[in-house]
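Peer 1: If it helps, the file is called entry38.txt and holds compact mmCIF, C-alpha atoms:
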```txt
# COMPACT_ATOMS: atom_id res chain seq x y z
CA MET S 1 -13.39 200.90 -128.18
CA SER S 2 -16.65 200.39 -126.29
CA THR S 3 -19.90 201.22 -128.09
CA VAL S 4 -21.84 201.47 -124.82
CA THR S 5 -22.07 204.92 -123.26
CA ARG S 6 -22.12 205.89 -119.61
CA GLN S 7 -25.30 207.89 -120.21
CA ALA S 8 -27.05 204.78 -121.57
CA VAL S 9 -26.21 202.95 -118.35
CA ILE S 10 -27.40 205.87 -116.22
CA ASP S 11 -30.67 206.06 -118.15
CA LYS S 12 -31.28 202.35 -117.70
CA LEU S 13 -30.45 202.38 -113.97
CA ALA S 14 -32.85 205.29 -113.53
CA THR S 15 -35.61 202.77 -114.30
CA VAL S 16 -34.60 200.52 -111.39
CA LYS S 17 -36.54 201.28 -108.22
CA GLY S 18 -34.51 201.97 -105.11
CA PRO S 19 -34.86 200.19 -101.77
CA ASP S 20 -38.41 200.08 -100.44
CA PHE S 21 -39.55 201.03 -103.97
CA GLU S 22 -38.81 204.70 -103.34
CA GLY S 23 -37.14 206.73 -106.06
CA ASP S 24 -34.60 205.05 -108.31
CA LEU S 25 -30.91 204.14 -108.06
CA ILE S 26 -29.74 207.28 -109.85
CA SER S 27 -31.96 209.87 -108.13
CA LEU S 28 -31.08 208.39 -104.73
CA GLY S 29 -27.35 208.70 -105.52
CA LEU S 30 -26.62 205.04 -104.81
CA VAL S 31 -24.53 204.25 -107.89
CA SER S 32 -20.76 204.61 -107.85
CA GLU S 33 -18.61 205.73 -110.74
CA ILE S 34 -19.56 203.69 -113.80
CA PHE S 35 -16.68 202.18 -115.77
CA ILE S 36 -17.09 200.69 -119.25
CA ALA S 37 -14.46 198.77 -121.20
CA ASP S 38 -14.88 196.42 -124.14
CA ASP S 39 -18.67 196.75 -123.75
CA LYS S 40 -18.45 195.41 -120.19
CA VAL S 41 -19.96 197.50 -117.40
CA PHE S 42 -18.67 197.81 -113.82
CA PHE S 43 -20.20 199.73 -110.90
CA SER S 44 -21.30 199.33 -107.29
CA ILE S 45 -24.41 200.24 -105.30
CA THR S 46 -24.11 201.78 -101.85
CA VAL S 47 -26.36 200.29 -99.17
CA PRO S 48 -26.34 200.08 -95.37
CA ALA S 49 -24.36 197.06 -94.17
CA ASP S 50 -27.20 195.75 -92.03
CA ARG S 51 -29.50 195.52 -95.07
CA ALA S 52 -27.07 193.73 -97.40
CA LYS S 53 -28.85 190.38 -97.54
CA GLU S 54 -32.33 191.76 -98.10
CA LEU S 55 -31.08 194.09 -100.84
CA GLU S 56 -29.36 191.39 -102.91
CA PRO S 57 -32.39 191.36 -105.29
CA LEU S 58 -31.73 195.07 -105.87
CA ARG S 59 -28.16 194.30 -106.94
CA ALA S 60 -29.39 191.50 -109.22
CA ALA S 61 -32.02 193.81 -110.77
CA ALA S 62 -29.41 196.49 -111.47
CA GLU S 63 -27.05 193.93 -113.01
CA GLN S 64 -29.83 192.55 -115.21
CA ALA S 65 -30.80 196.07 -116.27
CA ALA S 66 -27.23 196.84 -117.29
CA LYS S 67 -26.97 193.57 -119.24
CA SER S 68 -30.17 194.41 -121.13
CA ILE S 69 -28.64 197.52 -122.71
CA PRO S 70 -27.95 196.90 -126.41
CA GLY S 71 -24.27 196.22 -126.94
CA VAL S 72 -23.44 195.28 -123.33
CA LYS S 73 -21.57 191.96 -123.18
CA SER S 74 -21.56 191.57 -119.40
CA ALA S 75 -21.94 193.53 -116.18
CA MET S 76 -20.31 193.28 -112.76
CA VAL S 77 -22.27 194.92 -109.95
CA ALA S 78 -21.44 194.82 -106.24
CA LEU S 79 -23.10 196.07 -103.08
CA THR S 80 -20.89 198.27 -100.93
CA ALA S 81 -21.22 200.09 -97.63
CA GLU S 82 -18.07 202.13 -98.21
CA LYS S 83 -19.82 205.47 -97.98
CA GLN S 84 -23.17 206.94 -97.06
CA GLY S 85 -25.84 206.49 -99.71
CA GLY S 86 -28.30 209.26 -100.55
CA GLY S 87 -31.77 208.61 -99.20
CA MET S 88 -30.70 205.40 -97.51
CA GLY S 89 -29.20 206.40 -94.20
CA SER S 90 -25.63 205.72 -93.29
CA ALA S 91 -23.91 202.44 -92.86
CA PRO S 92 -23.08 201.43 -89.30
CA PRO S 93 -20.11 203.55 -88.22
CA ARG S 94 -16.77 202.01 -87.46
CA PRO S 95 -15.62 202.23 -83.87
CA GLN S 96 -13.62 205.41 -83.34
CA THR S 97 -11.52 204.10 -80.53
CA ARG S 98 -9.44 201.01 -80.19
CA ALA S 99 -10.36 199.20 -77.09
CA PRO S 100 -8.09 196.48 -75.97
CA GLN S 101 -5.18 195.83 -78.26
CA PRO S 102 -5.72 192.80 -80.49
CA THR S 103 -4.13 189.55 -79.53
CA PRO S 104 -0.82 188.76 -81.24
CA ALA S 105 -1.38 188.16 -84.92
CA ARG S 106 -0.36 184.54 -85.11
CA PRO S 107 0.05 182.70 -81.82
CA THR S 108 1.65 179.29 -81.99
CA PRO S 109 -1.02 176.63 -81.45
CA PRO S 110 -0.54 174.64 -78.25
CA GLN S 111 1.29 171.40 -78.88
CA SER S 112 -1.48 169.40 -77.24
CA ARG S 113 -4.05 170.70 -79.70
CA GLN S 114 -1.79 170.16 -82.71
CA SER S 115 -0.81 166.65 -81.71
CA ALA S 116 -4.49 165.69 -81.51
CA LYS S 117 -4.85 166.25 -85.26
CA ALA S 118 -3.78 163.47 -87.57
CA GLY S 119 -1.48 164.71 -90.31
CA VAL S 120 -1.54 163.88 -94.00
CA PRO S 121 1.29 161.52 -95.03
CA GLY S 122 3.76 163.11 -97.42
CA VAL S 123 2.66 166.69 -96.65
CA GLU S 124 4.87 169.04 -94.65
CA SER S 125 2.57 172.04 -94.14
CA ILE S 126 -1.11 172.69 -94.85
CA ILE S 127 -2.52 176.17 -95.28
CA ALA S 128 -6.18 177.10 -95.78
CA VAL S 129 -7.49 179.81 -98.08
CA ALA S 130 -10.85 180.95 -96.74
CA SER S 131 -13.48 183.66 -96.98
CA GLY S 132 -16.47 184.58 -94.88
CA LYS S 133 -18.69 184.63 -97.99
CA GLY S 134 -18.72 183.50 -101.58
CA GLY S 135 -18.00 185.63 -104.63
CA VAL S 136 -14.79 187.29 -103.41
CA GLY S 137 -12.40 185.30 -105.61
CA LYS S 138 -11.26 182.80 -102.97
CA SER S 139 -10.69 179.89 -105.35
CA THR S 140 -8.85 182.07 -107.87
CA THR S 141 -6.66 183.34 -105.04
CA ALA S 142 -6.03 179.79 -103.79
CA VAL S 143 -4.89 178.45 -107.16
CA ASN S 144 -2.66 181.44 -107.93
CA LEU S 145 -1.18 181.35 -104.42
CA ALA S 146 -0.35 177.67 -104.97
CA LEU S 147 1.29 178.49 -108.30
CA GLY S 148 3.18 181.36 -106.66
CA LEU S 149 4.54 178.99 -104.01
CA ASN S 150 5.47 176.53 -106.74
CA ALA S 151 7.36 179.30 -108.55
CA LEU S 152 9.49 179.65 -105.39
CA GLY S 153 10.69 176.09 -105.92
CA LEU S 154 8.34 174.43 -103.44
CA ARG S 155 6.53 171.17 -104.08
CA VAL S 156 2.88 172.19 -103.87
CA GLY S 157 -0.51 170.50 -103.93
CA ILE S 158 -4.00 171.97 -103.85
CA LEU S 159 -7.08 170.37 -102.33
CA ASP S 160 -10.47 171.65 -103.48
CA ALA S 161 -12.44 171.36 -100.22
CA ASP S 162 -15.43 173.26 -101.60
CA ILE S 163 -17.63 170.18 -101.94
CA TYR S 164 -20.75 172.11 -103.00
CA GLY S 165 -19.00 174.22 -105.62
CA PRO S 166 -15.73 172.59 -106.74
CA SER S 167 -13.87 174.86 -109.15
CA MET S 168 -10.34 173.48 -109.46
CA PRO S 169 -11.06 171.28 -112.51
CA ARG S 170 -12.18 174.35 -114.45
CA LEU S 171 -9.59 176.77 -113.02
CA LEU S 172 -6.75 174.39 -113.90
CA GLY S 173 -8.21 173.03 -117.14
CA LEU S 174 -8.30 169.44 -115.87
CA THR S 175 -10.68 166.76 -117.14
CA GLY S 176 -11.03 163.04 -116.60
CA LYS S 177 -10.77 161.01 -113.43
CA PRO S 178 -7.78 160.35 -111.12
CA GLU S 179 -5.87 157.10 -111.54
CA MET S 180 -6.37 154.36 -108.94
CA ILE S 181 -3.19 153.14 -107.24
CA ASP S 182 -4.88 150.33 -105.33
CA SER S 183 -8.42 149.46 -104.28
CA LYS S 184 -8.93 152.65 -102.26
CA THR S 185 -6.08 155.04 -103.01
CA LEU S 186 -6.10 157.69 -105.73
CA ARG S 187 -3.21 159.40 -107.45
CA PRO S 188 -3.79 163.19 -107.57
CA MET S 189 -4.17 164.89 -110.92
CA GLU S 190 -1.42 167.27 -112.03
CA ALA S 191 -1.41 170.67 -113.69
CA TYR S 192 1.29 173.35 -113.99
CA GLY S 193 3.47 171.47 -111.52
CA LEU S 194 0.73 171.18 -108.87
CA GLN S 195 -0.79 168.02 -107.43
CA VAL S 196 -4.57 168.52 -107.47
CA MET S 197 -7.58 166.76 -105.97
CA SER S 198 -11.23 167.79 -106.10
CA ILE S 199 -14.64 166.18 -105.74
CA GLY S 200 -15.20 167.75 -109.14
CA PHE S 201 -13.09 164.96 -110.69
CA LEU S 202 -15.43 162.31 -109.30
CA VAL S 203 -18.87 163.73 -110.10
CA GLU S 204 -20.30 165.41 -113.17
CA GLU S 205 -20.08 169.21 -113.20
CA GLU S 206 -23.88 169.60 -113.33
CA THR S 207 -24.54 167.12 -110.49
CA PRO S 208 -25.90 168.92 -107.39
CA MET S 209 -24.16 167.94 -104.13
CA ILE S 210 -27.15 167.63 -101.79
CA TRP S 211 -25.17 166.42 -98.80
CA ARG S 212 -25.45 167.10 -95.09
CA GLY S 213 -22.51 168.00 -92.85
CA PRO S 214 -21.38 164.46 -91.89
CA MET S 215 -21.37 163.38 -95.54
CA VAL S 216 -19.28 166.42 -96.48
CA MET S 217 -16.73 165.71 -93.76
CA SER S 218 -16.51 162.05 -94.77
CA ALA S 219 -15.76 163.11 -98.34
CA LEU S 220 -13.11 165.61 -97.24
CA ARG S 221 -11.37 163.03 -95.03
CA GLN S 222 -11.13 160.69 -98.01
CA LEU S 223 -9.82 163.41 -100.33
CA LEU S 224 -7.14 164.14 -97.75
CA ARG S 225 -6.15 160.65 -96.62
CA ASP S 226 -7.16 158.27 -99.41
CA VAL S 227 -5.00 160.14 -101.93
CA ARG S 228 -1.28 159.44 -102.47
CA TRP S 229 -0.11 163.00 -101.81
CA GLY S 230 3.48 164.01 -101.82
CA PRO S 231 6.07 164.50 -101.20
CA LEU S 232 4.77 168.06 -100.76
CA ASP S 233 6.27 171.04 -98.99
CA VAL S 234 2.90 172.82 -98.88
CA MET S 235 -0.70 171.83 -99.46
CA VAL S 236 -3.11 174.70 -100.18
CA VAL S 237 -6.71 173.93 -99.18
CA ASP S 238 -9.43 175.89 -100.99
CA MET S 239 -11.96 176.00 -98.15
CA PRO S 240 -15.74 176.24 -98.62
CA PRO S 241 -16.95 179.85 -98.25
CA GLY S 242 -18.54 180.87 -94.96
CA THR S 243 -18.09 179.74 -91.37
CA GLY S 244 -20.48 176.82 -91.04
CA ASP S 245 -20.09 173.34 -89.62
CA ALA S 246 -18.01 171.98 -92.51
CA GLN S 247 -15.50 174.82 -92.28
CA LEU S 248 -15.23 174.64 -88.51
CA THR S 249 -14.80 170.86 -88.49
CA MET S 250 -12.14 171.09 -91.20
CA ALA S 251 -10.22 173.65 -89.16
CA GLN S 252 -10.50 171.49 -86.04
CA GLN S 253 -9.52 168.16 -87.61
CA VAL S 254 -6.75 169.13 -90.04
CA PRO S 255 -3.36 170.28 -88.69
CA LEU S 256 -3.37 173.65 -90.44
CA ALA S 257 -0.13 175.62 -90.34
CA GLY S 258 -2.13 178.77 -90.99
CA ALA S 259 -4.97 180.42 -92.87
CA VAL S 260 -5.18 183.13 -95.52
CA ILE S 261 -8.39 185.19 -95.47
CA VAL S 262 -9.66 186.62 -98.78
CA SER S 263 -11.89 189.69 -98.90
CA THR S 264 -12.81 192.53 -101.24
CA PRO S 265 -12.41 196.20 -100.26
CA GLN S 266 -16.08 196.62 -99.36
CA ASP S 267 -17.30 196.88 -95.80
CA LEU S 268 -19.91 194.21 -96.52
CA ALA S 269 -17.30 191.63 -97.50
CA LEU S 270 -15.09 192.66 -94.59
CA ILE S 271 -17.85 191.94 -92.10
CA ASP S 272 -17.88 188.34 -93.32
CA ALA S 273 -14.08 188.20 -93.44
CA ARG S 274 -13.98 189.02 -89.72
CA LYS S 275 -16.16 186.00 -89.05
CA GLY S 276 -13.75 183.74 -90.91
CA LEU S 277 -10.79 185.23 -89.11
CA ASN S 278 -12.42 184.79 -85.71
CA MET S 279 -13.31 181.19 -86.51
CA PHE S 280 -9.66 180.31 -87.08
CA LYS S 281 -8.59 182.15 -83.94
CA ARG S 282 -11.09 180.20 -81.87
CA VAL S 283 -9.70 176.87 -83.04
CA GLU S 284 -6.13 178.18 -82.56
CA VAL S 285 -5.13 178.19 -86.22
CA PRO S 286 -2.65 181.01 -86.99
CA VAL S 287 -3.94 183.63 -89.42
CA LEU S 288 -1.20 184.23 -91.99
CA GLY S 289 -2.91 187.38 -93.21
CA ILE S 290 -5.61 189.03 -95.30
CA VAL S 291 -5.64 189.42 -99.09
CA GLU S 292 -7.67 192.24 -100.65
CA ASN S 293 -8.98 190.85 -103.93
CA MET S 294 -10.55 193.07 -106.63
CA SER S 295 -8.68 195.86 -104.87
CA TYR S 296 -8.84 198.18 -107.88
CA PHE S 297 -9.67 197.97 -111.56
CA LEU S 298 -7.02 198.39 -114.27
CA ALA S 299 -8.39 199.68 -117.57
CA PRO S 300 -7.01 197.53 -120.40
CA ASP S 301 -6.69 200.37 -122.88
CA THR S 302 -5.08 203.06 -120.72
CA GLY S 303 -3.80 201.19 -117.68
CA LYS S 304 -5.62 203.75 -115.54
CA ARG S 305 -6.67 202.66 -112.08
CA TYR S 306 -10.30 202.85 -110.88
CA ASP S 307 -11.40 202.08 -107.30
CA ILE S 308 -14.81 200.82 -108.39
CA PHE S 309 -15.53 198.75 -105.29
CA GLY S 310 -13.76 200.99 -102.80
CA HIS S 311 -10.15 200.49 -101.82
CA GLY S 312 -7.98 199.82 -98.80
CA GLY S 313 -10.68 198.35 -96.58
CA ALA S 314 -8.89 195.03 -96.10
CA ARG S 315 -5.57 196.72 -95.28
CA ALA S 316 -7.25 198.91 -92.67
CA GLU S 317 -9.07 195.89 -91.25
CA ALA S 318 -5.83 193.90 -91.01
CA GLU S 319 -4.20 196.75 -89.11
CA ARG S 320 -7.20 197.07 -86.82
CA LEU S 321 -7.23 193.35 -86.04
CA GLY S 322 -3.47 193.03 -85.74
CA VAL S 323 -2.95 190.49 -88.53
CA PRO S 324 -0.57 190.72 -91.51
CA PHE S 325 -1.80 192.34 -94.71
CA LEU S 326 -0.58 190.21 -97.61
CA GLY S 327 -1.39 192.31 -100.65
CA GLU S 328 -3.84 194.01 -103.02
CA VAL S 329 -4.84 191.99 -106.08
CA PRO S 330 -6.17 194.17 -108.94
CA LEU S 331 -9.19 193.29 -111.05
CA THR S 332 -8.44 193.04 -114.76
CA MET S 333 -10.64 192.46 -117.79
CA ASP S 334 -9.22 189.07 -118.65
CA VAL S 335 -9.46 187.42 -115.23
CA ARG S 336 -12.73 185.63 -116.06
CA GLU S 337 -11.52 184.51 -119.49
CA THR S 338 -8.25 183.07 -118.17
CA SER S 339 -10.04 181.35 -115.28
CA ASP S 340 -12.63 179.75 -117.55
CA ALA S 341 -9.88 178.69 -119.94
CA GLY S 342 -8.00 176.89 -117.16
CA THR S 343 -4.93 179.12 -117.45
CA PRO S 344 -4.44 181.01 -114.14
CA VAL S 345 -2.76 184.41 -114.46
CA VAL S 346 0.45 183.33 -112.70
CA VAL S 347 1.15 181.03 -115.67
CA SER S 348 -0.78 182.77 -118.47
CA ASP S 349 0.47 186.30 -117.78
CA PRO S 350 3.46 185.95 -115.44
CA ASP S 351 4.58 189.54 -115.98
CA GLY S 352 1.15 191.06 -115.36
CA ALA S 353 0.11 193.05 -112.29
CA GLN S 354 -2.01 190.23 -110.86
CA ALA S 355 0.68 187.58 -111.25
CA ARG S 356 3.32 189.80 -109.63
CA THR S 357 1.00 190.43 -106.68
CA TYR S 358 0.23 186.72 -106.24
CA ARG S 359 3.94 185.86 -106.26
CA GLU S 360 4.59 188.56 -103.65
CA ILE S 361 1.80 187.14 -101.49
CA ALA S 362 3.24 183.65 -101.90
CA GLY S 363 6.63 184.95 -100.79
CA LYS S 364 5.17 186.50 -97.64
CA VAL S 365 3.29 183.29 -96.80
CA HIS S 366 6.43 181.22 -97.34
CA GLU S 367 8.49 183.50 -95.11
CA GLN S 368 5.95 183.16 -92.32
CA LEU S 369 5.95 179.38 -92.58
CA LYS S 370 9.76 179.36 -92.43
CA SER S 371 10.00 181.82 -89.57
CA ASP S 372 7.55 179.83 -87.50
CA GLY S 373 9.45 176.62 -88.04
CA VAL S 374 6.23 174.87 -88.91
CA ALA S 375 6.71 171.18 -88.40
CA SER S 376 5.17 168.54 -90.60
CA ALA S 377 1.96 167.04 -89.37
CA GLN S 378 0.79 163.79 -89.92
CA ALA S 379 -18.32 158.34 -90.55
CA GLY S 380 -20.75 159.32 -93.04
CA PRO S 381 -21.06 157.46 -96.33
CA ALA S 382 -17.90 156.69 -98.26
CA ILE S 383 -17.12 157.88 -101.76
CA VAL S 384 -17.01 154.86 -104.02
CA PHE S 385 -14.24 155.12 -106.62
CA GLU S 386 -15.10 153.15 -109.75
```
Output the structure of this file as structure tokens.
Peer 2:
Amino acid sequence: MSTVTRQAVIDKLATVKGPDFEGDLISLGLVSEIFIADDKVFFSITVPADRAKELEPLRAAAEQAAKSIPGVKSAMVALTAEKQGGGMGSAPPRPQTRAPQPTPARPTPPQSRQSAKAGVPGVESIIAVASGKGGVGKSTTAVNLALGLNALGLRVGILDADIYGPSMPRLLGLTGKPEMIDSKTLRPMEAYGLQVMSIGFLVEEETPMIWRGPMVMSALRQLLRDVRWGPLDVMVVDMPPGTGDAQLTMAQQVPLAGAVIVSTPQDLALIDARKGLNMFKRVEVPVLGIVENMSYFLAPDTGKRYDIFGHGGARAEAERLGVPFLGEVPLTMDVRETSDAGTPVVVSDPDGAQARTYREIAGKVHEQLKSDGVASAQAGPAIVFE
């Protein structure tokens, strides 16, 4: 049972100045319901969507304040624009009318565009897992989606395309370096039945990747085509967060069968998710659907559900944009521990709520790939493999 009280958290947050140094978080009514379990604290702060970036220091200050309370092991704090905040003004309203109907959810890319992209030998279909921003659980979703597809009997690989923040070695508990097949070809690492490749296998974890766009794309091309993949039914690509040059170039150069967009329930995350979705539409990559991660919190002691970060925003956004909604992944207390331990929930807790949801999402993605009859698809400095 937790030794930290809700009142202790409220008292501490009352010392944190609100936006523009007026009032405090509590008196302004900006703090959501506070949930405490195993001395870990969860809550969100309501802010206007158009001030999200400038108010990130406010979120960090609140998180640090919560962590400083005696007995608190950790704190998870998010900014949300789900509702109007006291003393802050309202978040930008959603449009009340639907103008033109959205384009069909997943148009088939023109053959001319697809044929211009060189495929990856040994790989039937490639799907991207993307997000408009970091911190929404994209990599965790990617690895558990891959494991869910593998549980369906598919041969699956996962490419960690997040050059600046590779996470697959840690998420899958892999260490060491890939084996060389010949002078320039690598054999992918393996874990839980998945073939895996990441820049994280080739550089030290603490090494900063201070690379410009062309260098990033050169590295990604090598991780795709200088690796002896296959035979694979599906390759899952954990894309870098955001919608910058690296993400756009990857979407343009790789014959993607589709993309899965990951968001949280908050309006702020959904704004960025729309950017990612629109990027794929512009380069004529089908959007397989949206996943709402951290959809709700499940208390470990009672199993009670708490909508700490809002709920249902991604489902509503999918309906508004006319794309499939793939599922709601709950937030549980052990998700960080299992991720850090290299044991994703689909294999560590296969009967849990998260694992069941990931397998359902994998099933929906697989059905879409089958129904579309997706066919197999075939300059910067080089990475030197030593």
Peer 1: Within 10 Å of Glu360 in chain S, counting only C-alpha atoms, which residues show up once you throw out same-chain ones fewer than 2 positions away? Write them as a PyMOL selection string, please.
Peer 2: chain S and resi 145+148-149+326-327+354-358+362-366
Peer 1: Could you please give me, as a VMD selection string, the residues of protein, DNA or RNA lying at most 10 Å from (-4.0, 171.2, -114.7) in the coordinate frame of the file, considering all atoms listed in the file?
Peer 2: chain S and resid 168 to 175 189 to 196 342 to 344
Peer 1: Please produce, as a tab-separated table, a per-residue contact table for range 35-66 of chain S versus range 9-29 of chain S (criterion: any atom at most 7 Å away, only C-alpha atoms considered), showing the nearest atom pair and its distance in Å to one decimal, sorted by chain then residue number.
Peer 2:
```
residue	atom	partner	partner_atom	distance
S:Ala62	CA	S:Leu13	CA	6.5
S:Ala65	CA	S:Lys12	CA	6.5
S:Ala66	CA	S:Val9	CA	6.3
```
Peer 1: Give me, please, the distance in Å between CA of Glu319 in chain S and CA of Met250 in chain S, quoted to one decimal.
Peer 2: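 Computing the Euclidean distance for CA of Glu319 in chain S and CA of Met250 in chain S yields 26.9 Å.
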Peer 1: Tell me which of S:Val227, S:Ala151, S:Leu30, S:Leu55 sits closest to Val120 in chain S, counting all atoms listed in the file.
Peer 2: S:Val227
Peer 1: Grab the CA of Arg274 in chain S to CA of Glu317 in chain S distance for me, in Å with one decimal place.
Peer 2: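 CA of Glu317 in chain S lies 8.6 Å from CA of Arg274 in chain S.
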Peer 1: Expressed in Å to a single decimal, how great is the separation between CA of Gly352 in chain S and CA of Val260 in chain S?
Peer 2: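 Between these atoms lies a distance of 22.3 Å.
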Peer 1: Which centre and edge lengths in Å to one decimal define the box along x, y and z that fits every listed atom of range 47-51 of chain S plus 6 Å per side, as lines of an AutoDock Vina configuration file?
Peer 2:
```
center_x = -26.9
center_y = 197.9
center_z = -95.6
size_x = 17.1
size_y = 16.8
size_z = 19.1
```
Peer 1: Compile the contact shell of range 67-82 of chain S as JSON, numbers by chain: residues with an atom at most 8 Å away, counting all atoms listed in the file, same-chain residues fewer than 2 positions apart removed.
Peer 2: {"S": [3, 4, 8, 9, 12, 39, 40, 41, 42, 43, 44, 45, 46, 47, 48, 49, 52, 56, 59, 60, 62, 63, 64, 65, 84, 91, 266, 267, 268, 309, 310]}
Peer 1: So, counting only C-alpha atoms, which residue among S:Val345, S:Met294, S:Leu202, S:Met180 is closest to Gly137 in chain S?
Peer 2: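 When distances to Gly137 in chain S are compared using only C-alpha atoms, the smallest one comes from S:Met294.
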Peer 1: Taking 3 positions as the minimum chain separation for residues in the same chain, which residues sit within 12 Å of Asn278 in chain S when counting only C-alpha atoms? Answer as a list in words.
Peer 2: Pro102, Thr103, Ala105, Ala130, Ser131, Gly132, Gly242, Thr243, Leu248, Ala251, Ala259, Ile261, Ile271, Asp272, Ala273, Arg274, Lys275, Lys281, Arg282, Val283, Glu284, Val285, Pro286, Val287, Leu321 and Val323 of chain S
Peer 1: With all atoms listed in the file as the atoms that count, which of S:Thr185, S:Ser198, S:Ser348, S:Ser167 lies nearest to Lys138 in chain S?
Peer 2: S:Ser167
Peer 1: Counting all atoms listed in the file, which residue out of S:Arg155, S:Arg359, S:Arg6, S:Arg228 sits closest to Ile181 in chain S?
Peer 2: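 Answer, going by the shortest atom-to-atom distance: S:Arg228.
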